[in-house]
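Source file: input_18.txt. Holds: compact mmCIF, C-alpha atoms.
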```
# COMPACT_ATOMS: atom_id res chain seq x y z
CA MET A 139 25.08 18.59 -17.85
CA LYS A 140 28.47 20.30 -17.82
CA ILE A 141 29.18 23.05 -15.29
CA ASP A 142 31.66 25.81 -16.05
CA PRO A 143 34.32 25.49 -13.30
CA ALA A 144 34.50 29.28 -13.15
CA LEU A 145 30.89 29.36 -11.97
CA GLU A 146 31.40 26.87 -9.16
CA THR A 147 31.72 27.96 -5.56
CA PRO A 148 33.84 25.75 -3.29
CA GLY A 149 31.57 23.52 -1.23
CA GLU A 150 28.52 24.46 -3.29
CA THR A 151 29.13 22.53 -6.51
CA TYR A 152 25.84 22.22 -8.42
CA GLY A 153 24.14 24.30 -5.72
CA ASP A 154 20.67 22.93 -5.03
CA ASP A 155 20.19 21.52 -8.53
CA HIS A 156 18.63 18.06 -8.64
CA PHE A 157 21.28 16.67 -10.93
CA SER A 158 21.80 12.95 -11.31
CA ALA A 159 23.28 11.03 -14.20
CA SER A 160 21.38 7.80 -13.54
CA GLU A 161 18.16 6.43 -12.09
CA ASN A 162 20.36 4.09 -10.03
CA THR A 163 21.79 5.24 -6.72
CA PRO A 164 25.51 5.95 -7.32
CA LEU A 165 27.41 3.26 -5.41
CA ARG A 166 31.03 2.15 -5.58
CA GLU A 167 31.77 -1.47 -6.49
CA ASP A 168 33.17 -2.06 -2.98
CA ALA A 169 30.15 -0.51 -1.24
CA PHE A 170 29.40 -3.62 0.81
CA VAL A 171 32.86 -4.99 1.52
CA LEU A 172 32.75 -3.62 5.06
CA SER A 173 30.34 -5.14 7.54
CA ASP A 174 27.74 -2.95 9.26
CA ALA A 175 29.81 -3.06 12.45
CA GLU A 176 32.93 -1.88 10.59
CA LYS A 177 31.00 0.92 8.92
CA ILE A 178 29.55 2.04 12.26
CA GLU A 179 33.02 2.18 13.80
CA GLN A 180 34.49 4.23 10.93
CA ILE A 181 31.53 6.61 10.71
CA SER A 182 31.61 7.11 14.48
CA ASN A 183 35.25 8.15 14.26
CA SER A 184 34.47 10.53 11.40
CA VAL A 185 31.57 12.13 13.28
CA ARG A 186 33.82 12.50 16.31
CA ASP A 187 36.37 14.31 14.14
CA ILE A 188 33.70 16.65 12.76
CA MET A 189 32.37 17.50 16.20
CA THR A 190 35.86 18.04 17.58
CA THR A 191 36.72 20.31 14.64
CA LEU A 192 33.58 22.34 15.39
CA GLY A 193 34.93 22.89 18.89
CA LEU A 194 32.46 20.68 20.78
CA ASP A 195 33.48 19.04 24.04
CA LEU A 196 32.92 15.32 23.58
CA GLN A 197 33.59 14.70 27.26
CA ASP A 198 30.27 16.35 28.05
CA ASP A 199 27.63 13.83 29.12
CA SER A 200 25.20 15.11 26.48
CA LEU A 201 27.65 14.77 23.60
CA LYS A 202 29.94 11.84 24.29
CA GLY A 203 27.53 9.25 22.89
CA THR A 204 26.59 11.26 19.80
CA PRO A 205 29.18 9.83 17.36
CA ASP A 206 28.05 6.25 18.04
CA ARG A 207 24.37 7.18 17.88
CA VAL A 208 24.80 8.98 14.56
CA ALA A 209 26.83 6.12 13.08
CA LYS A 210 24.25 3.49 14.06
CA MET A 211 21.43 5.70 12.76
CA TYR A 212 23.16 6.14 9.40
CA VAL A 213 23.91 2.46 8.84
CA LYS A 214 20.83 0.84 10.38
CA GLU A 215 18.12 3.42 9.78
CA VAL A 216 18.52 6.57 7.69
CA PHE A 217 20.66 4.91 4.98
CA GLY A 218 19.60 1.32 5.61
CA GLY A 219 18.03 1.16 2.13
CA LEU A 220 21.45 1.19 0.48
CA HIS A 221 22.07 -2.48 1.24
CA PRO A 222 20.42 -4.88 -1.25
CA ASP A 223 19.88 -7.43 1.53
CA ARG A 224 17.24 -5.08 2.96
CA ARG A 225 15.26 -4.97 -0.27
CA PRO A 226 11.69 -5.97 0.68
CA LYS A 227 10.53 -9.37 -0.46
CA SER A 228 7.37 -8.68 -2.42
CA SER A 229 5.20 -11.76 -2.86
CA THR A 230 2.42 -11.48 -5.41
CA PHE A 231 -0.95 -13.23 -5.58
CA ASP A 232 -3.26 -14.13 -8.41
CA ASN A 233 -5.96 -11.56 -9.06
CA LYS A 234 -8.67 -14.20 -8.57
CA TYR A 235 -11.42 -11.64 -8.09
CA LYS A 236 -10.65 -10.17 -11.55
CA TYR A 237 -10.45 -6.59 -10.28
CA GLY A 238 -9.64 -4.59 -13.40
CA GLU A 239 -9.60 -0.98 -12.21
CA MET A 240 -6.65 0.88 -10.73
CA LEU A 241 -5.69 0.29 -7.13
CA VAL A 242 -4.44 3.38 -5.31
CA GLU A 243 -2.41 3.48 -2.10
CA LYS A 244 -2.12 7.11 -1.07
CA ASN A 245 -0.50 9.16 1.68
CA ILE A 246 2.44 6.77 2.18
CA THR A 247 4.89 8.48 4.51
CA VAL A 248 8.25 9.37 2.96
CA TYR A 249 11.30 9.99 5.15
CA SER A 250 14.39 10.38 3.02
CA THR A 251 17.63 12.36 2.90
CA CYS A 252 18.77 14.88 0.31
CA GLU A 253 22.08 13.67 -1.08
CA HIS A 254 23.36 17.23 -1.62
CA HIS A 255 23.28 18.43 1.99
CA LEU A 256 22.29 15.27 3.93
CA LEU A 257 19.19 16.99 5.28
CA PRO A 258 15.74 15.36 5.54
CA ILE A 259 13.15 15.02 2.80
CA VAL A 260 9.71 14.54 4.36
CA GLY A 261 6.46 14.01 2.48
CA ARG A 262 3.91 11.64 1.02
CA ALA A 263 3.91 9.17 -1.86
CA HIS A 264 0.82 8.10 -3.78
CA ILE A 265 0.97 4.87 -5.82
CA ALA A 266 -1.41 3.29 -8.31
CA TYR A 267 -1.31 0.20 -10.48
CA ILE A 268 -3.58 -1.82 -12.73
CA SER A 269 -3.29 -5.56 -12.28
CA ASN A 270 -1.97 -7.65 -15.14
CA GLY A 271 -3.05 -10.83 -13.38
CA SER A 272 -1.11 -10.31 -10.15
CA VAL A 273 -1.64 -8.21 -7.04
CA VAL A 274 0.73 -7.33 -4.21
CA GLY A 275 0.01 -6.93 -0.50
CA LEU A 276 -0.82 -3.33 0.37
CA SER A 277 1.90 -3.01 3.01
CA LYS A 278 4.52 -4.07 0.44
CA MET A 279 4.02 -0.79 -1.40
CA ASN A 280 4.78 1.09 1.82
CA ARG A 281 7.87 -1.07 2.35
CA ILE A 282 9.13 -0.41 -1.18
CA VAL A 283 8.76 3.35 -0.65
CA ASP A 284 10.57 3.07 2.68
CA TYR A 285 13.40 1.01 1.16
CA TYR A 286 14.19 3.49 -1.61
CA ALA A 287 13.69 6.47 0.72
CA LYS A 288 16.29 5.18 3.18
CA ARG A 289 19.32 6.34 1.23
CA PRO A 290 20.83 9.64 0.08
CA GLN A 291 18.33 10.63 -2.59
CA VAL A 292 17.17 12.94 -5.31
CA GLN A 293 13.37 12.97 -5.29
CA GLU A 294 13.10 12.41 -9.04
CA ARG A 295 15.30 9.32 -8.83
CA MET A 296 13.41 7.95 -5.83
CA ASN A 297 10.14 8.38 -7.73
CA ILE A 298 11.49 6.42 -10.70
CA GLN A 299 13.00 3.68 -8.53
CA ILE A 300 9.69 3.06 -6.76
CA VAL A 301 7.83 2.72 -10.05
CA ARG A 302 10.49 0.46 -11.63
CA GLU A 303 10.44 -1.83 -8.59
CA LEU A 304 6.67 -2.21 -8.65
CA GLN A 305 6.65 -2.76 -12.41
CA GLN A 306 9.10 -5.61 -11.94
CA VAL A 307 7.22 -7.10 -8.99
CA LEU A 308 3.80 -6.91 -10.67
CA GLY A 309 4.88 -7.74 -14.21
CA THR A 310 3.14 -4.73 -15.68
CA GLU A 311 4.08 -1.29 -16.97
CA ASP A 312 0.84 0.15 -15.60
CA VAL A 313 2.24 1.74 -12.44
CA ALA A 314 2.22 5.38 -11.34
CA CYS A 315 3.68 7.28 -8.41
CA VAL A 316 3.41 10.91 -7.29
CA ILE A 317 5.54 12.27 -4.45
CA ASP A 318 4.94 15.57 -2.65
CA ALA A 319 7.71 16.38 -0.19
CA LYS A 320 9.44 19.13 1.72
CA HIS A 321 13.23 19.38 1.43
CA LEU A 322 14.88 20.78 4.53
CA CYS A 323 17.85 21.87 2.42
CA VAL A 324 15.38 24.45 1.04
CA ASN A 325 13.16 24.90 4.11
CA SER A 326 15.80 25.20 6.85
CA ARG A 327 18.88 26.61 5.07
CA GLY A 328 19.72 28.59 1.95
CA ILE A 329 16.54 30.39 0.87
CA ARG A 330 14.71 29.10 4.01
CA ASP A 331 11.35 28.87 2.28
CA VAL A 332 9.38 26.92 4.86
CA ASP A 333 6.19 26.68 2.79
CA SER A 334 7.44 25.26 -0.51
CA SER A 335 7.32 21.58 -1.40
CA THR A 336 8.47 19.56 -4.39
CA VAL A 337 6.11 17.41 -6.46
CA THR A 338 7.40 14.72 -8.83
CA ALA A 339 5.60 12.05 -10.82
CA GLU A 340 6.41 8.94 -12.82
CA TYR A 341 3.74 7.39 -15.06
CA GLY A 342 4.16 4.01 -16.72
CA GLY A 343 2.12 2.19 -19.34
CA ARG A 344 -1.53 3.18 -19.50
CA PHE A 345 -1.01 5.91 -16.92
CA LYS A 346 0.55 7.99 -19.69
CA GLU A 347 -3.01 8.37 -21.02
CA GLU A 348 -4.43 11.69 -19.90
CA SER A 349 -7.81 10.30 -18.79
CA LEU A 350 -6.27 7.59 -16.59
CA ARG A 351 -3.73 9.99 -15.17
CA ARG A 352 -6.52 12.42 -14.29
CA GLU A 353 -8.50 9.64 -12.58
CA PHE A 354 -5.44 8.77 -10.48
CA LEU A 355 -4.95 12.40 -9.44
CA ASP A 356 -8.64 12.67 -8.55
CA TYR A 357 -8.30 9.65 -6.26
CA ILE A 358 -5.34 11.29 -4.53
CA ASN A 359 -7.45 14.36 -3.77
CA LEU A 360 -10.31 12.39 -2.23
CA GLU A 361 -10.85 13.09 1.46
CA THR A 362 -10.17 9.98 3.54
CA GLU A 363 -12.58 9.62 6.48
CA PHE A 364 -12.61 7.06 9.27
```

Encoding of this model in structure tokens:
Amino acid sequence: MKIDPALETPGETYGDDHFSASENTPLREDAFVLSDAEKIEQISNSVRDIMTTLGLDLQDDSLKGTPDRVAKMYVKEVFGGLHPDRRPKSSTFDNKYKYGEMLVEKNITVYSTCEHHLLPIVGRAHIAYISNGSVVGLSKMNRIVDYYAKRPQVQERMNIQIVRELQQVLGTEDVACVIDAKHLCVNSRGIRDVDSSTVTAEYGGRFKEESLRREFLDYINLETEF
């Protein structure tokens, strides 16, 4: 997608478009040369510069620890899914009970960050798969969602990454994922539409069949009672 430079506004290149050239998170080759401690130190200095430029008094008791807190949050939490060492180890087990229908894990919490404005994406992911002889622990699906959410993201890419990871882990194409999420770059700035949410889906293998896809969506809409 080529943008006419004459239509670009400084600081607003591509606006709110969900544009991404690849299903892989764009990383430089030297992304992991620095240690976490070195990254925290550099990010802390950068946050301090931003806050100082905004005119904030970093000698104030409420603000002086903010640069360090933000830096640690970025490296260890919010963007912790960038580092391949944090990729969840997903052990599989033989499907000894010969369960042949779809398994659905719904309402998985998604906390991510929009890569265009670095504002939160908050929502739910719903995953289904049909065993090809292997099954994975239920919590591993939550951990996979969390891993790919913890990075600057485009929702469409995150959706694809979750499905590709589970397809690889389970050895089957029959994996589906739907994500319904609110983007604070839309809800809290710009148009400030607090009610809108974004829904994306990725269907692999047999889930491309309309009947199976419909069954999956029906499961998602079931009321869960305890």

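Atom CA of A:Gly261 is found 11.0 Å from atom CA of A:Leu322.
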
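Relative to atom CA of A:Leu257, atom CA of A:Met211 is found at 13.7 Å.
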
Do you know which residues are at most 8 Å from stretch 283-295 of chain A counting all atoms listed in the file, after dropping those on the same chain fewer than 2 positions away, and could you put them as an MDAnalysis selection string? chainID A and resid 156:158 160:163 215:220 224:226 246 248:253 256 263 279:281 297:300 317 338:339

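Between atom CA of A:Phe354 and atom CA of A:Tyr237 the interatomic distance comes to 16.2 Å.
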
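Compared by their closest atoms to A:Asn245, and using only C-alpha atoms, the residues A:Pro164, A:Val260, A:Thr191, A:Lys346 rank with A:Val260 nearest.
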
Nearby residues (all atoms listed in the file) at most 6 Å from stretch 310-312 of chain A, same-chain spacing under 5 positions excluded, as number ranges by chain: A: 267-268, 270, 305, 342-344

Excluding A:Thr362 and any residue of its chain fewer than 4 positions from it, enumerate the residues within 12 Å of it, using only C-alpha atoms, and give them as a PyMOL selection string. chain A and resi 243-245+357-358

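Ranking A:Val307, A:Val316, A:Met296, A:Val301 by their shortest atom-to-atom distance to A:Val274, with only C-alpha atoms included, puts A:Val307 first.
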
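Comparing the minimum interatomic distances between A:Lys234 and each of A:Gly328, A:Gly309, A:Gly271, A:Pro205, counting all atoms listed in the file, we find that A:Gly271 sits nearest.
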
Which residue of A:Ile282, A:Ile181, A:Leu196, A:Ile259 approaches A:His321 most closely, using only C-alpha atoms: A:Ile259

Please provide as a ChimeraX atom specification all residues within 9 Å of A:Ser334, with the sequence filter that same-chain residues fewer than 6 positions apart are discarded (counting all atoms listed in the file). /A:319-321,324-325

Expected file: the selected residues, C-alpha atoms, as a JSON list (two decimals), keeping the file's coordinate frame:
```json
[["chain", "number", "residue", "atom", "x", "y", "z"],
["A", 319, "ALA", "CA", 7.71, 16.38, -0.19],
["A", 320, "LYS", "CA", 9.44, 19.13, 1.72],
["A", 321, "HIS", "CA", 13.23, 19.38, 1.43],
["A", 324, "VAL", "CA", 15.38, 24.45, 1.04],
["A", 325, "ASN", "CA", 13.16, 24.90, 4.11]]
```

Starting from the structure just given, write a file holding stretch 264-293 of chain A with N, CA and C atoms, as an mmCIF file, in the first residue's frame.
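Listed below is the output, part_2.cif:
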```cif
data_model
loop_
_atom_site.group_PDB
_atom_site.id
_atom_site.type_symbol
_atom_site.label_atom_id
_atom_site.label_comp_id
_atom_site.auth_asym_id
_atom_site.auth_seq_id
_atom_site.Cartn_x
_atom_site.Cartn_y
_atom_site.Cartn_z
ATOM 1 N N HIS A 264 -11.176 -15.876 21.441
ATOM 2 C CA HIS A 264 -11.882 -17.152 21.480
ATOM 3 C C HIS A 264 -11.166 -18.095 20.509
ATOM 4 N N ILE A 265 -10.735 -19.255 21.014
ATOM 5 C CA ILE A 265 -9.914 -20.174 20.229
ATOM 6 C C ILE A 265 -10.606 -21.523 20.126
ATOM 7 N N ALA A 266 -10.475 -22.158 18.975
ATOM 8 C CA ALA A 266 -10.978 -23.522 18.800
ATOM 9 C C ALA A 266 -9.980 -24.324 17.979
ATOM 10 N N TYR A 267 -9.933 -25.626 18.254
ATOM 11 C CA TYR A 267 -9.130 -26.513 17.406
ATOM 12 C C TYR A 267 -9.753 -27.901 17.400
ATOM 13 N N ILE A 268 -9.410 -28.652 16.372
ATOM 14 C CA ILE A 268 -9.824 -30.055 16.275
ATOM 15 C C ILE A 268 -8.561 -30.904 16.301
ATOM 16 N N SER A 269 -8.499 -31.809 17.233
ATOM 17 C CA SER A 269 -7.282 -32.589 17.444
ATOM 18 C C SER A 269 -6.948 -33.450 16.228
ATOM 19 N N ASN A 270 -5.655 -33.481 15.932
ATOM 20 C CA ASN A 270 -5.132 -34.352 14.887
ATOM 21 C C ASN A 270 -4.307 -35.473 15.523
ATOM 22 N N GLY A 271 -4.680 -35.800 16.766
ATOM 23 C CA GLY A 271 -3.937 -36.814 17.511
ATOM 24 C C GLY A 271 -3.272 -36.270 18.748
ATOM 25 N N SER A 272 -3.168 -34.919 18.826
ATOM 26 C CA SER A 272 -2.532 -34.285 19.977
ATOM 27 C C SER A 272 -3.472 -33.252 20.584
ATOM 28 N N VAL A 273 -3.322 -33.040 21.894
ATOM 29 C CA VAL A 273 -4.050 -31.983 22.587
ATOM 30 C C VAL A 273 -3.035 -31.170 23.381
ATOM 31 N N VAL A 274 -3.429 -29.948 23.737
ATOM 32 C CA VAL A 274 -2.543 -29.066 24.495
ATOM 33 C C VAL A 274 -3.276 -28.648 25.760
ATOM 34 N N GLY A 275 -2.522 -28.427 26.838
ATOM 35 C CA GLY A 275 -3.138 -27.976 28.083
ATOM 36 C C GLY A 275 -3.919 -26.690 27.878
ATOM 37 N N LEU A 276 -5.071 -26.582 28.536
ATOM 38 C CA LEU A 276 -5.945 -25.428 28.313
ATOM 39 C C LEU A 276 -5.237 -24.110 28.616
ATOM 40 N N SER A 277 -4.478 -24.057 29.700
ATOM 41 C CA SER A 277 -3.833 -22.797 30.074
ATOM 42 C C SER A 277 -2.793 -22.358 29.054
ATOM 43 N N LYS A 278 -2.279 -23.308 28.249
ATOM 44 C CA LYS A 278 -1.277 -22.953 27.253
ATOM 45 C C LYS A 278 -1.865 -22.049 26.177
ATOM 46 N N MET A 279 -3.157 -22.217 25.894
ATOM 47 C CA MET A 279 -3.784 -21.335 24.913
ATOM 48 C C MET A 279 -3.844 -19.906 25.445
ATOM 49 N N ASN A 280 -4.148 -19.767 26.734
ATOM 50 C CA ASN A 280 -4.137 -18.444 27.352
ATOM 51 C C ASN A 280 -2.735 -17.836 27.305
ATOM 52 N N ARG A 281 -1.726 -18.669 27.557
ATOM 53 C CA ARG A 281 -0.347 -18.168 27.581
ATOM 54 C C ARG A 281 0.119 -17.749 26.186
ATOM 55 N N ILE A 282 -0.329 -18.466 25.169
ATOM 56 C CA ILE A 282 0.025 -18.091 23.797
ATOM 57 C C ILE A 282 -0.602 -16.748 23.434
ATOM 58 N N VAL A 283 -1.868 -16.564 23.795
ATOM 59 C CA VAL A 283 -2.528 -15.277 23.560
ATOM 60 C C VAL A 283 -1.769 -14.168 24.270
ATOM 61 N N ASP A 284 -1.421 -14.400 25.533
ATOM 62 C CA ASP A 284 -0.729 -13.389 26.335
ATOM 63 C C ASP A 284 0.631 -13.046 25.735
ATOM 64 N N TYR A 285 1.338 -14.060 25.241
ATOM 65 C CA TYR A 285 2.667 -13.844 24.661
ATOM 66 C C TYR A 285 2.605 -12.934 23.439
ATOM 67 N N TYR A 286 1.693 -13.212 22.524
ATOM 68 C CA TYR A 286 1.610 -12.403 21.309
ATOM 69 C C TYR A 286 0.923 -11.065 21.547
ATOM 70 N N ALA A 287 0.161 -10.959 22.636
ATOM 71 C CA ALA A 287 -0.466 -9.678 22.975
ATOM 72 C C ALA A 287 0.548 -8.713 23.572
ATOM 73 N N LYS A 288 1.569 -9.254 24.257
ATOM 74 C CA LYS A 288 2.523 -8.398 24.954
ATOM 75 C C LYS A 288 3.602 -7.882 24.020
ATOM 76 N N ARG A 289 3.182 -7.079 23.077
ATOM 77 C CA ARG A 289 4.083 -6.434 22.126
ATOM 78 C C ARG A 289 3.287 -5.362 21.397
ATOM 79 N N PRO A 290 3.945 -4.378 20.788
ATOM 80 C CA PRO A 290 3.192 -3.440 19.950
ATOM 81 C C PRO A 290 2.506 -4.238 18.843
ATOM 82 N N GLN A 291 1.193 -4.054 18.681
ATOM 83 C CA GLN A 291 0.455 -4.959 17.816
ATOM 84 C C GLN A 291 -0.521 -4.255 16.888
ATOM 85 N N VAL A 292 -0.861 -4.971 15.836
ATOM 86 C CA VAL A 292 -2.031 -4.733 15.012
ATOM 87 C C VAL A 292 -2.925 -5.943 15.254
ATOM 88 N N GLN A 293 -4.192 -5.735 15.522
ATOM 89 C CA GLN A 293 -5.048 -6.849 15.940
ATOM 90 C C GLN A 293 -5.087 -7.969 14.909
#
```
